[in-house]
$ cat my_file_14.txt   # compact mmCIF, C-alpha atoms and all ligand atoms
# COMPACT_ATOMS: atom_id res chain seq x y z
CA MET A 133 -16.39 -43.66 3.70
CA ASN A 134 -13.90 -42.37 1.13
CA LYS A 135 -11.79 -39.52 2.31
CA LEU A 136 -12.15 -36.18 0.55
CA ARG A 137 -9.28 -35.59 -1.84
CA ILE A 138 -7.65 -32.18 -1.98
CA ALA A 139 -5.18 -31.08 -4.68
CA PHE A 140 -2.97 -28.53 -2.93
CA PHE A 141 -1.24 -26.27 -5.46
CA ASP A 142 1.87 -24.11 -4.92
CA ALA A 143 2.70 -26.04 -1.75
CA LYS A 144 5.66 -24.75 0.24
CA ASP A 145 7.33 -26.41 3.24
CA TYR A 146 5.69 -24.03 5.68
CA ASP A 147 2.25 -24.75 4.14
CA LYS A 148 2.76 -28.48 4.40
CA GLU A 149 3.88 -28.25 8.03
CA SER A 150 0.78 -26.34 9.13
CA PHE A 151 -1.67 -28.36 7.01
CA ILE A 152 -0.21 -31.71 8.07
CA ARG A 153 -0.46 -30.59 11.70
CA ALA A 154 -4.10 -29.46 11.26
CA ASN A 155 -5.14 -32.60 9.33
CA THR A 156 -5.61 -34.58 12.52
CA ASN A 157 -6.30 -38.30 12.04
CA GLU A 158 -5.59 -37.70 8.35
CA GLU A 159 -9.20 -36.71 7.82
CA PHE A 160 -8.40 -35.44 4.29
CA GLU A 161 -6.27 -37.05 1.60
CA ILE A 162 -4.05 -34.25 0.35
CA THR A 163 -1.83 -34.22 -2.72
CA TYR A 164 0.80 -31.53 -2.19
CA LEU A 165 1.88 -30.11 -5.56
CA GLU A 166 4.83 -27.77 -5.81
CA THR A 167 3.62 -26.30 -9.07
CA ARG A 168 1.23 -23.38 -9.30
CA LEU A 169 -2.24 -23.95 -10.72
CA THR A 170 -2.29 -22.88 -14.38
CA LEU A 171 -4.09 -24.11 -17.48
CA ASP A 172 -1.15 -26.45 -18.06
CA THR A 173 -1.14 -27.93 -14.56
CA ALA A 174 -4.90 -28.04 -13.92
CA ARG A 175 -5.08 -31.68 -15.04
CA LEU A 176 -3.13 -32.61 -11.88
CA ALA A 177 -6.39 -32.01 -10.02
CA GLU A 178 -7.97 -35.03 -11.77
CA GLY A 179 -9.60 -37.32 -9.19
CA HIS A 180 -9.73 -34.63 -6.48
CA ASP A 181 -12.87 -33.09 -4.97
CA VAL A 182 -11.25 -29.84 -3.92
CA VAL A 183 -8.40 -27.65 -5.17
CA CYS A 184 -6.63 -25.56 -2.58
CA VAL A 185 -4.90 -22.49 -4.02
CA PHE A 186 -2.96 -19.40 -2.98
CA VAL A 187 -2.48 -15.84 -4.21
CA ASN A 188 -0.54 -16.50 -7.41
CA ASP A 189 -2.43 -19.52 -8.71
CA ASP A 190 -4.31 -18.82 -11.91
CA VAL A 191 -8.00 -19.51 -11.40
CA GLY A 192 -9.22 -17.86 -14.58
CA ALA A 193 -12.17 -18.92 -16.73
CA GLU A 194 -10.35 -21.61 -18.72
CA VAL A 195 -8.88 -23.19 -15.61
CA ILE A 196 -12.31 -23.19 -13.97
CA ASP A 197 -13.81 -24.94 -17.04
CA GLN A 198 -11.07 -27.56 -16.89
CA LEU A 199 -11.57 -28.15 -13.14
CA GLU A 200 -15.34 -28.42 -13.60
CA LYS A 201 -14.89 -31.02 -16.35
CA MET A 202 -12.76 -33.09 -13.99
CA GLY A 203 -15.46 -32.99 -11.30
CA VAL A 204 -13.80 -30.59 -8.85
CA LYS A 205 -16.54 -29.28 -6.56
CA LEU A 206 -14.79 -26.63 -4.54
CA ILE A 207 -12.00 -24.08 -4.93
CA ALA A 208 -10.64 -23.44 -1.45
CA LEU A 209 -8.51 -20.31 -1.36
CA ARG A 210 -6.08 -20.37 1.53
CA CYS A 211 -5.91 -16.57 1.49
CA ALA A 212 -8.22 -13.57 1.81
CA GLY A 213 -7.76 -11.82 -1.55
CA TYR A 214 -9.41 -13.47 -4.57
CA ASN A 215 -8.43 -11.21 -7.46
CA ASN A 216 -6.79 -14.25 -9.14
CA VAL A 217 -10.16 -16.03 -9.39
CA ASP A 218 -12.73 -15.28 -12.09
CA ILE A 219 -15.57 -15.46 -9.58
CA GLN A 220 -18.15 -14.43 -12.14
CA HIS A 221 -17.18 -17.37 -14.34
CA ALA A 222 -17.05 -19.71 -11.34
CA TYR A 223 -20.66 -18.87 -10.45
CA GLY A 224 -22.90 -21.82 -11.24
CA ARG A 225 -19.87 -24.01 -11.99
CA ILE A 226 -17.67 -24.41 -8.93
CA HIS A 227 -18.10 -22.93 -5.47
CA VAL A 228 -15.31 -20.75 -4.08
CA VAL A 229 -14.44 -20.32 -0.41
CA ARG A 230 -11.66 -18.28 1.15
CA VAL A 231 -10.03 -17.53 4.49
CA PRO A 232 -11.27 -13.99 5.10
CA ALA A 233 -8.96 -13.33 8.05
CA TYR A 234 -6.13 -15.34 9.48
CA SER A 235 -4.07 -12.73 11.19
CA PRO A 236 -4.67 -9.15 10.24
CA TYR A 237 -2.06 -8.38 12.92
CA ALA A 238 0.60 -10.23 10.92
CA VAL A 239 0.08 -7.99 7.89
CA ALA A 240 -0.34 -4.72 9.80
CA GLU A 241 2.76 -5.43 11.90
CA HIS A 242 4.75 -6.26 8.76
CA ALA A 243 3.69 -2.94 7.24
CA MET A 244 5.01 -1.13 10.31
CA ALA A 245 8.19 -3.24 10.29
CA LEU A 246 8.82 -2.16 6.69
CA LEU A 247 8.11 1.46 7.52
CA LEU A 248 10.49 1.52 10.49
CA THR A 249 13.17 -0.36 8.56
CA SER A 250 12.92 2.15 5.75
CA VAL A 251 12.79 5.41 7.67
CA ARG A 252 15.49 4.40 10.20
CA ARG A 253 17.67 2.72 7.52
CA ILE A 254 17.85 -0.51 9.52
CA HIS A 255 18.50 -2.53 6.34
CA LYS A 256 21.56 -0.39 5.62
CA ALA A 257 22.84 -0.49 9.21
CA TYR A 258 22.44 -4.26 9.41
CA ASN A 259 24.65 -4.78 6.38
CA ARG A 260 27.19 -2.21 7.54
CA THR A 261 27.77 -3.53 11.04
CA ARG A 262 28.12 -7.09 9.76
CA ASP A 263 31.11 -5.72 7.85
CA PHE A 264 32.37 -3.88 10.97
CA ASN A 265 31.51 -0.59 9.30
CA PHE A 266 30.23 1.54 12.18
CA SER A 267 29.87 4.79 10.23
CA LEU A 268 26.55 6.64 10.58
CA SER A 269 26.91 8.55 7.35
CA GLY A 270 23.77 8.43 5.23
CA LEU A 271 21.69 6.77 7.96
CA THR A 272 19.73 9.85 9.06
CA GLY A 273 16.06 8.98 9.37
CA PHE A 274 13.02 10.91 10.55
CA ASP A 275 10.61 10.68 13.48
CA LEU A 276 7.27 9.04 12.80
CA HIS A 277 5.78 10.98 15.72
CA GLY A 278 3.66 13.85 14.39
CA LYS A 279 3.74 12.67 10.77
CA THR A 280 0.53 12.15 8.80
CA VAL A 281 -0.23 8.68 7.54
CA GLY A 282 -2.92 8.17 4.91
CA VAL A 283 -4.51 4.72 5.00
CA ILE A 284 -6.49 3.46 2.02
CA GLY A 285 -8.86 0.67 3.02
CA THR A 286 -10.08 0.68 6.62
CA GLY A 287 -10.96 -3.00 6.93
CA LYS A 288 -9.41 -5.48 9.32
CA ILE A 289 -5.76 -4.85 8.41
CA GLY A 290 -6.07 -1.13 7.75
CA ARG A 291 -7.63 -0.49 11.14
CA ILE A 292 -4.96 -2.41 13.04
CA PHE A 293 -2.29 -0.54 11.12
CA MET A 294 -4.03 2.73 12.03
CA ASP A 295 -4.01 1.76 15.72
CA ILE A 296 -0.30 0.96 15.53
CA CYS A 297 0.35 4.34 13.90
CA ARG A 298 -1.65 6.14 16.57
CA GLY A 299 0.57 4.42 19.14
CA PHE A 300 3.51 6.12 17.46
CA GLY A 301 1.85 9.52 17.83
CA MET A 302 1.06 9.86 14.14
CA GLN A 303 -1.91 11.73 12.65
CA VAL A 304 -4.11 9.23 10.84
CA ILE A 305 -6.37 10.04 7.90
CA ALA A 306 -8.11 7.46 5.74
CA TYR A 307 -10.03 6.79 2.57
CA ASP A 308 -12.44 3.90 2.09
CA LYS A 309 -15.07 3.48 -0.59
CA PHE A 310 -17.36 2.23 2.16
CA PRO A 311 -16.49 4.35 5.23
CA ALA A 312 -17.25 2.70 8.56
CA ALA A 313 -19.94 4.62 10.46
CA ASP A 314 -19.20 5.72 14.03
CA SER A 315 -15.65 4.47 13.81
CA GLY A 316 -14.01 7.72 14.85
CA ILE A 317 -11.87 7.47 11.71
CA THR A 318 -11.06 10.74 9.94
CA TYR A 319 -12.13 9.99 6.36
CA VAL A 320 -10.96 12.21 3.51
CA SER A 321 -10.99 11.95 -0.28
CA THR A 322 -8.19 10.16 -2.14
CA ASP A 323 -6.97 13.55 -3.34
CA GLU A 324 -6.59 14.66 0.28
CA ILE A 325 -4.73 11.42 1.06
CA TRP A 326 -2.28 12.16 -1.75
CA ARG A 327 -1.98 15.84 -0.72
CA GLN A 328 -1.63 15.55 3.06
CA SER A 329 0.17 12.29 3.74
CA ASP A 330 3.83 11.87 4.65
CA ILE A 331 3.26 8.15 4.50
CA ILE A 332 0.63 6.30 2.45
CA SER A 333 -0.31 2.71 3.23
CA LEU A 334 -2.54 0.61 0.96
CA HIS A 335 -4.95 -1.87 2.56
CA CYS A 336 -7.82 -2.10 0.06
CA PRO A 337 -8.54 -5.03 -2.27
CA LEU A 338 -7.46 -5.10 -5.89
CA THR A 339 -10.45 -4.44 -8.13
CA ASP A 340 -10.93 -2.82 -11.55
CA GLU A 341 -11.48 0.41 -9.66
CA THR A 342 -8.37 0.24 -7.47
CA ARG A 343 -5.95 -1.13 -10.10
CA HIS A 344 -3.07 1.36 -10.51
CA MET A 345 -4.62 3.81 -8.03
CA VAL A 346 -1.04 4.90 -7.35
CA ASN A 347 -0.07 6.16 -10.79
CA GLU A 348 1.65 9.11 -12.45
CA GLU A 349 -1.29 11.40 -11.74
CA SER A 350 -1.70 10.50 -8.08
CA ILE A 351 2.05 10.57 -7.46
CA ALA A 352 2.14 14.10 -8.93
CA LYS A 353 -0.32 15.16 -6.20
CA MET A 354 1.73 13.64 -3.36
CA LYS A 355 4.13 15.42 -1.01
CA LYS A 356 7.77 15.40 -2.01
CA GLY A 357 9.47 12.63 -0.03
CA VAL A 358 6.31 10.60 0.55
CA VAL A 359 6.82 7.02 1.76
CA ILE A 360 4.55 4.50 0.02
CA LEU A 361 3.74 1.17 1.68
CA ASN A 362 1.99 -1.64 -0.16
CA THR A 363 1.19 -4.85 1.70
CA SER A 364 -2.10 -5.39 -0.15
CA ARG A 365 -1.86 -6.29 -3.85
CA GLY A 366 0.88 -5.34 -6.29
CA ALA A 367 -1.29 -3.97 -9.07
CA LEU A 368 -2.65 -1.22 -6.81
CA ILE A 369 0.55 0.53 -7.89
CA ASP A 370 1.67 1.27 -11.44
CA SER A 371 5.26 0.11 -10.90
CA GLU A 372 6.65 2.09 -13.84
CA ALA A 373 5.11 5.27 -12.46
CA LEU A 374 6.48 4.48 -8.99
CA LEU A 375 9.95 3.94 -10.42
CA GLU A 376 9.73 7.27 -12.26
CA GLY A 377 8.53 8.99 -9.06
CA ILE A 378 11.56 7.60 -7.22
CA LYS A 379 13.94 8.65 -10.01
CA GLN A 380 12.43 12.17 -9.95
CA ARG A 381 13.07 12.23 -6.13
CA LYS A 382 9.33 12.80 -5.62
CA VAL A 383 8.79 9.51 -3.79
CA GLY A 384 11.11 9.37 -0.78
CA ALA A 385 10.83 5.62 -0.20
CA ALA A 386 8.74 2.62 -1.15
CA CYS A 387 8.15 -0.53 0.89
CA LEU A 388 6.62 -3.26 -1.20
CA ASP A 389 5.50 -6.64 0.07
CA VAL A 390 3.63 -7.15 -3.18
CA TYR A 391 4.44 -6.37 -6.78
CA GLU A 392 2.20 -6.41 -9.85
CA GLU A 393 4.25 -9.02 -11.71
CA GLU A 394 5.09 -11.00 -8.57
CA SER A 395 3.59 -14.27 -9.79
CA ASN A 396 6.59 -14.71 -12.10
CA VAL A 397 9.17 -14.47 -9.34
CA PHE A 398 7.87 -14.36 -5.78
CA PHE A 399 8.08 -17.49 -3.62
CA HIS A 400 11.03 -18.83 -5.69
CA ASP A 401 14.79 -18.65 -5.29
CA TYR A 402 16.22 -16.83 -8.31
CA SER A 403 19.52 -15.95 -6.63
CA ASN A 404 21.46 -17.84 -9.31
CA HIS A 405 19.42 -16.56 -12.23
CA ILE A 406 19.25 -13.47 -14.38
CA VAL A 407 15.93 -11.85 -13.53
CA ASN A 408 14.22 -10.60 -16.69
CA ASP A 409 11.93 -8.09 -15.02
CA ASP A 410 13.79 -4.79 -15.49
CA THR A 411 11.29 -2.77 -13.47
CA LEU A 412 11.64 -5.04 -10.44
CA ALA A 413 15.42 -5.14 -10.81
CA ARG A 414 15.60 -1.34 -10.99
CA LEU A 415 13.27 -0.94 -7.99
CA ILE A 416 15.33 -3.37 -5.92
CA SER A 417 18.52 -1.50 -6.89
CA MET A 418 17.21 1.71 -5.30
CA PRO A 419 18.58 2.48 -1.83
CA ASN A 420 15.15 3.71 -0.71
CA VAL A 421 13.12 0.70 -1.83
CA ILE A 422 12.54 -2.37 0.32
CA VAL A 423 10.94 -5.42 -1.24
CA THR A 424 9.73 -8.45 0.67
CA SER A 425 8.20 -11.28 -1.30
CA HIS A 426 4.56 -11.35 -0.17
CA GLN A 427 5.68 -12.28 3.30
CA ALA A 428 3.40 -10.10 5.41
CA PHE A 429 1.04 -12.95 6.25
CA LEU A 430 3.83 -15.32 7.26
CA THR A 431 3.57 -15.86 11.00
CA SER A 432 3.02 -19.17 12.76
CA GLU A 433 -0.31 -17.89 14.12
CA ALA A 434 -1.51 -16.97 10.62
CA LEU A 435 -0.41 -20.29 9.10
CA ALA A 436 -2.23 -22.26 11.81
CA ASN A 437 -5.39 -20.18 11.29
CA ILE A 438 -5.19 -20.60 7.50
CA ALA A 439 -5.00 -24.39 7.81
CA ASP A 440 -7.79 -24.63 10.42
CA THR A 441 -10.15 -22.33 8.51
CA THR A 442 -9.46 -24.01 5.16
CA PHE A 443 -10.35 -27.43 6.59
CA GLU A 444 -13.40 -25.97 8.32
CA ASN A 445 -14.47 -24.39 4.99
CA VAL A 446 -14.16 -27.75 3.22
CA ARG A 447 -15.99 -29.63 5.98
CA GLU A 448 -18.79 -27.09 6.11
CA PHE A 449 -19.18 -27.05 2.32
CA MET A 450 -19.45 -30.84 2.14
CA GLU A 451 -21.65 -31.36 5.19
CA LYS A 452 -23.91 -28.32 5.48
CA GLU A 453 -26.40 -26.27 3.51
CA PHE A 454 -24.39 -23.11 3.85
CA SER A 455 -20.80 -21.99 3.48
CA THR A 456 -19.85 -19.17 5.80
CA ASN A 457 -16.81 -18.13 3.78
CA GLU A 458 -18.16 -18.64 0.28
CA ILE A 459 -17.64 -15.78 -2.17
CA CYS A 460 -19.51 -15.04 -5.34
CA TYR A 461 -19.72 -12.11 -7.73
CA LYS A 462 -23.21 -11.33 -6.54
CA CYS A 463 -21.93 -10.23 -3.18
CA GLU A 464 -21.60 -6.75 -4.60
CA ASN A 465 -18.86 -5.71 -2.26
CA ILE A 466 -17.65 -8.86 -0.60
CA ALA A 467 -14.83 -6.95 1.06
CA ASN A 468 -17.46 -5.12 3.04
CA CYS A 469 -20.06 -7.89 3.05
CA SER A 470 -21.18 -8.86 6.52
CA ARG A 471 -23.98 -11.14 5.25
CA THR A 472 -23.94 -14.54 6.89
CA HIS A 473 -24.46 -17.13 4.18
CA GLU A 474 -27.49 -19.13 5.21
CA LYS A 475 -27.27 -21.21 2.08
CA LYS A 476 -24.73 -21.72 -0.64
CA CYS A 477 -24.36 -18.99 -3.25
CA PHE A 478 -25.92 -21.18 -5.97
P1 LIG B 1 -11.02 -6.17 4.48
O1 LIG B 1 -12.00 -6.74 3.54
O2 LIG B 1 -11.24 -6.33 5.94
O3 LIG B 1 -10.82 -4.59 4.20
C1 LIG B 1 -10.73 -4.04 2.91
C2 LIG B 1 -11.25 -2.61 3.00
O4 LIG B 1 -11.07 -2.02 1.70
C3 LIG B 1 -12.73 -2.51 3.35
O5 LIG B 1 -12.93 -1.59 4.38
C4 LIG B 1 -13.39 -2.04 2.04
O6 LIG B 1 -14.52 -1.23 2.25
C5 LIG B 1 -12.24 -1.25 1.43
N1 LIG B 1 -12.42 -1.04 -0.01
C6 LIG B 1 -13.09 -1.81 -0.90
N2 LIG B 1 -13.06 -1.25 -2.13
C7 LIG B 1 -12.34 -0.10 -1.99
C8 LIG B 1 -11.97 0.94 -2.89
N3 LIG B 1 -12.35 0.92 -4.17
N4 LIG B 1 -11.25 1.96 -2.40
C9 LIG B 1 -10.88 2.02 -1.08
N5 LIG B 1 -11.21 1.06 -0.20
C10 LIG B 1 -11.95 0.04 -0.63
O7 LIG B 1 -9.62 -6.79 4.05
P2 LIG B 1 -8.31 -6.97 4.92
O8 LIG B 1 -8.33 -8.28 5.61
O9 LIG B 1 -8.07 -5.74 5.71
O10 LIG B 1 -7.21 -7.09 3.76
C11 LIG B 1 -6.89 -5.98 2.94
C12 LIG B 1 -6.07 -6.47 1.76
O11 LIG B 1 -4.81 -6.96 2.24
C13 LIG B 1 -6.69 -7.66 1.02
O12 LIG B 1 -7.51 -7.21 -0.04
C14 LIG B 1 -5.51 -8.42 0.50
O13 LIG B 1 -5.33 -8.07 -0.85
C15 LIG B 1 -4.33 -7.92 1.32
N6 LIG B 1 -3.64 -8.96 2.07
C16 LIG B 1 -2.28 -9.08 1.92
C17 LIG B 1 -1.57 -10.02 2.61
C18 LIG B 1 -0.07 -10.16 2.50
O14 LIG B 1 0.50 -11.16 2.93
N7 LIG B 1 0.63 -9.17 1.97
C19 LIG B 1 -2.26 -10.99 3.50
C20 LIG B 1 -3.69 -10.73 3.63
C21 LIG B 1 -4.34 -9.77 2.91
$ encode --input "my_file_14.txt" --output "structure tokens"
Amino acid sequence: MNKLRIAFFDAKDYDKESFIRANTNEEFEITYLETRLTLDTARLAEGHDVVCVFVNDDVGAEVIDQLEKMGVKLIALRCAGYNNVDIQHAYGRIHVVRVPAYSPYAVAEHAMALLLTSVRRIHKAYNRTRDFNFSLSGLTGFDLHGKTVGVIGTGKIGRIFMDICRGFGMQVIAYDKFPAADSGITYVSTDEIWRQSDIISLHCPLTDETRHMVNEESIAKMKKGVVILNTSRGALIDSEALLEGIKQRKVGAACLDVYEEESNVFFHDYSNHIVNDDTLARLISMPNVIVTSHQAFLTSEALANIADTTFENVREFMEKEFSTNEICYKCENIANCSRTHEKKCF
């Protein structure tokens, strides 16, 4: 029997390592492509049954049409978020599966790592002591104990982050469009999140509704000195408004693992280049902004889970009537959808 052929876009060394390890007995024939999937590169999927893509691949309508023409049967996302896929257009054309959870701990722990780094100025101290500068000037932080953290999105990652915060003795309030019943979570409105929180952490998906939820108006309602954490999706924050909030000294610090224009720069080494994105450059130049390049998921446990689940998704799609991790636009709120797919979406 012919092996299934997978075109693997935006392949990095760490992806290859985990996928090669999980592809025992070389069950799948995988073409690792360094390039991202775009309309220009889609033709590289010719002759493959499956395309495997990540967060910054472009899986818009035109790309989907091109993949369908070439006979691709499945788009296998090796991530949870799917805002880069036109799932409405994909419906009836190509099935889409994702990895709904690979390590929510990895992301929640990274959010806390960013928060601690920021409020205790670890990034500053690290650079100083490497230069034998042992001065403490300008390194005063604040206790997390007793502070109020507002969490937006109380799904898998949000809840773990909330537990971590509780461990630090913080007061936790939350907003979710679909509050979890009997969870013991103190839900409030978004306005109350903006008004009460010393720290705000975003853990909801990017949708038309949540795009730019942190904007000029919401920042105006926040406490002076608020710390904003985003490990979810960049476009939840209007970056220009955030920059202005920082310049006005309204926002005390921002920790960003994601950025709305990240697909142009993240995952690449531009250390010898002039970066054209002035907003990103200005944000990075701020002493109270920490940027990591969509790294929150990057633990060995998460990478192993991503590879195993992606292969299981492909196997299940090809061999069975149903696809547990299929997504389609009809699942009204897939983020909250607990429906077990008993058959494929179409
Ligand atoms: P999840 O699906 O378990 O939870 C998302 C929560 O957001 C749900 O409780 C849902 O009800 C809520 N939600 C949906 N629409 C909302 C709205 N309009 N307003 C407020 N809340 C809303 O997802 P999970 O696994 O916790 O992931 C959260 C996000 O983290 C993902 O959407 C993804 O974008 C991001 N992520 C980032 C990673 C990174 O490396 N930085 C890695 C993995 C996920």
$ closest_atom_pairs --input "my_file_14.txt" --of "chain A" --to "ligand LIG 1 (chain B)" --cutoff "7 Å" --atoms "all atoms listed in the file" --output "Markdown table"
| residue | atom | partner | partner_atom | distance |
| --- | --- | --- | --- | --- |
| A:Cys211 | CA | B:LIG1 | C20 | 6.6 |
| A:Ala212 | CA | B:LIG1 | C21 | 5.5 |
| A:Gly213 | CA | B:LIG1 | O13 | 4.5 |
| A:Pro232 | CA | B:LIG1 | O8 | 6.4 |
| A:Ala233 | CA | B:LIG1 | O8 | 5.6 |
| A:Pro236 | CA | B:LIG1 | O8 | 6.0 |
| A:Val239 | CA | B:LIG1 | C19 | 5.8 |
| A:Ile284 | CA | B:LIG1 | C9 | 5.6 |
| A:Gly285 | CA | B:LIG1 | O4 | 3.7 |
| A:Thr286 | CA | B:LIG1 | O5 | 4.3 |
| A:Gly287 | CA | B:LIG1 | O3 | 3.2 |
| A:Lys288 | CA | B:LIG1 | O9 | 3.9 |
| A:Ile289 | CA | B:LIG1 | O9 | 3.7 |
| A:Gly290 | CA | B:LIG1 | O9 | 5.4 |
| A:Tyr307 | CA | B:LIG1 | C9 | 6.1 |
| A:Asp308 | CA | B:LIG1 | N5 | 3.9 |
| A:Lys309 | CA | B:LIG1 | C9 | 4.5 |
| A:Phe310 | CA | B:LIG1 | O6 | 4.5 |
| A:Pro311 | CA | B:LIG1 | O6 | 6.6 |
| A:His335 | CA | B:LIG1 | C11 | 4.6 |
| A:Cys336 | CA | B:LIG1 | O4 | 3.6 |
| A:Pro337 | CA | B:LIG1 | O12 | 3.3 |
| A:Leu338 | CA | B:LIG1 | O12 | 6.2 |
| A:Thr339 | CA | B:LIG1 | N3 | 6.9 |
| A:Glu341 | CA | B:LIG1 | N3 | 5.6 |
| A:Thr342 | CA | B:LIG1 | N3 | 5.2 |
| A:Thr363 | CA | B:LIG1 | N7 | 4.4 |
| A:Ser364 | CA | B:LIG1 | C15 | 3.7 |
| A:Arg365 | CA | B:LIG1 | O13 | 4.9 |
| A:Asp389 | CA | B:LIG1 | N7 | 5.8 |
| A:Val390 | CA | B:LIG1 | N7 | 6.3 |
| A:His426 | CA | B:LIG1 | N7 | 5.0 |
| A:Gln427 | CA | B:LIG1 | O14 | 5.3 |
| A:Ala428 | CA | B:LIG1 | O14 | 4.0 |
| A:Phe429 | CA | B:LIG1 | O14 | 3.8 |
| A:Leu430 | CA | B:LIG1 | O14 | 6.9 |
| A:Ala467 | CA | B:LIG1 | O1 | 3.8 |
| A:Asn468 | CA | B:LIG1 | O6 | 4.9 |
$ residues_near_point --input "my_file_14.txt" --point "(15.3, 6.7, 2.8)" --cutoff "8 Å" --atoms "all atoms listed in the file" --output "NGL selection string"
:A and (250-253 or 273 or 384-385 or 419-421)
$ residues_around --input "my_file_14.txt" --residues "A:Phe293" --least-positions-apart "3" --cutoff "8 Å" --atoms "all atoms listed in the file" --output "list in words"
Ala240, Glu241, Ala243, Met244, Ile289, Gly290, Ile296 and Cys297 of chain A
$ closest_residue --input "my_file_14.txt" --among "A:Asn362, A:Asn404, A:Ala257, A:Asn347" --to "A:Ser269" --atoms "all atoms listed in the file"
A:Ala257
$ closest_residue --input "my_file_14.txt" --among "A:Tyr234, A:Ile406, A:Ala306, A:Val217" --to "A:Ser321" --atoms "all atoms listed in the file"
A:Ala306
$ atom_distance --input "my_file_14.txt" --atom1 "atom CA of A:Val281" --atom2 "atom CA of A:Met294"
8.4 Å
$ atom_distance --input "my_file_14.txt" --atom1 "atom CA of A:Ile331" --atom2 "atom CA of A:Phe399"
27.3 Å
$ closest_residue --input "my_file_14.txt" --among "A:Ile459, A:Leu209, A:Val407, A:Met354" --to "A:Glu394" --atoms "only C-alpha atoms"
A:Val407
$ residues_around --input "my_file_14.txt" --residues "A:Phe266" --least-positions-apart "6" --cutoff "12 Å" --atoms "all atoms listed in the file" --output "count of residues only"
5
$ atom_distance --input "my_file_14.txt" --atom1 "atom CA of A:Ala139" --atom2 "atom CA of A:Val182"
6.2 Å
$ closest_residue --input "my_file_14.txt" --among "A:Asp330, A:Glu324, A:Glu159, A:Glu349" --to "A:Ile369" --atoms "all atoms listed in the file"
A:Glu349
$ closest_residue --input "my_file_14.txt" --among "A:Thr272, A:Ser350, A:Ser235, A:Thr280" --to "A:Thr318" --atoms "only C-alpha atoms"
A:Thr280
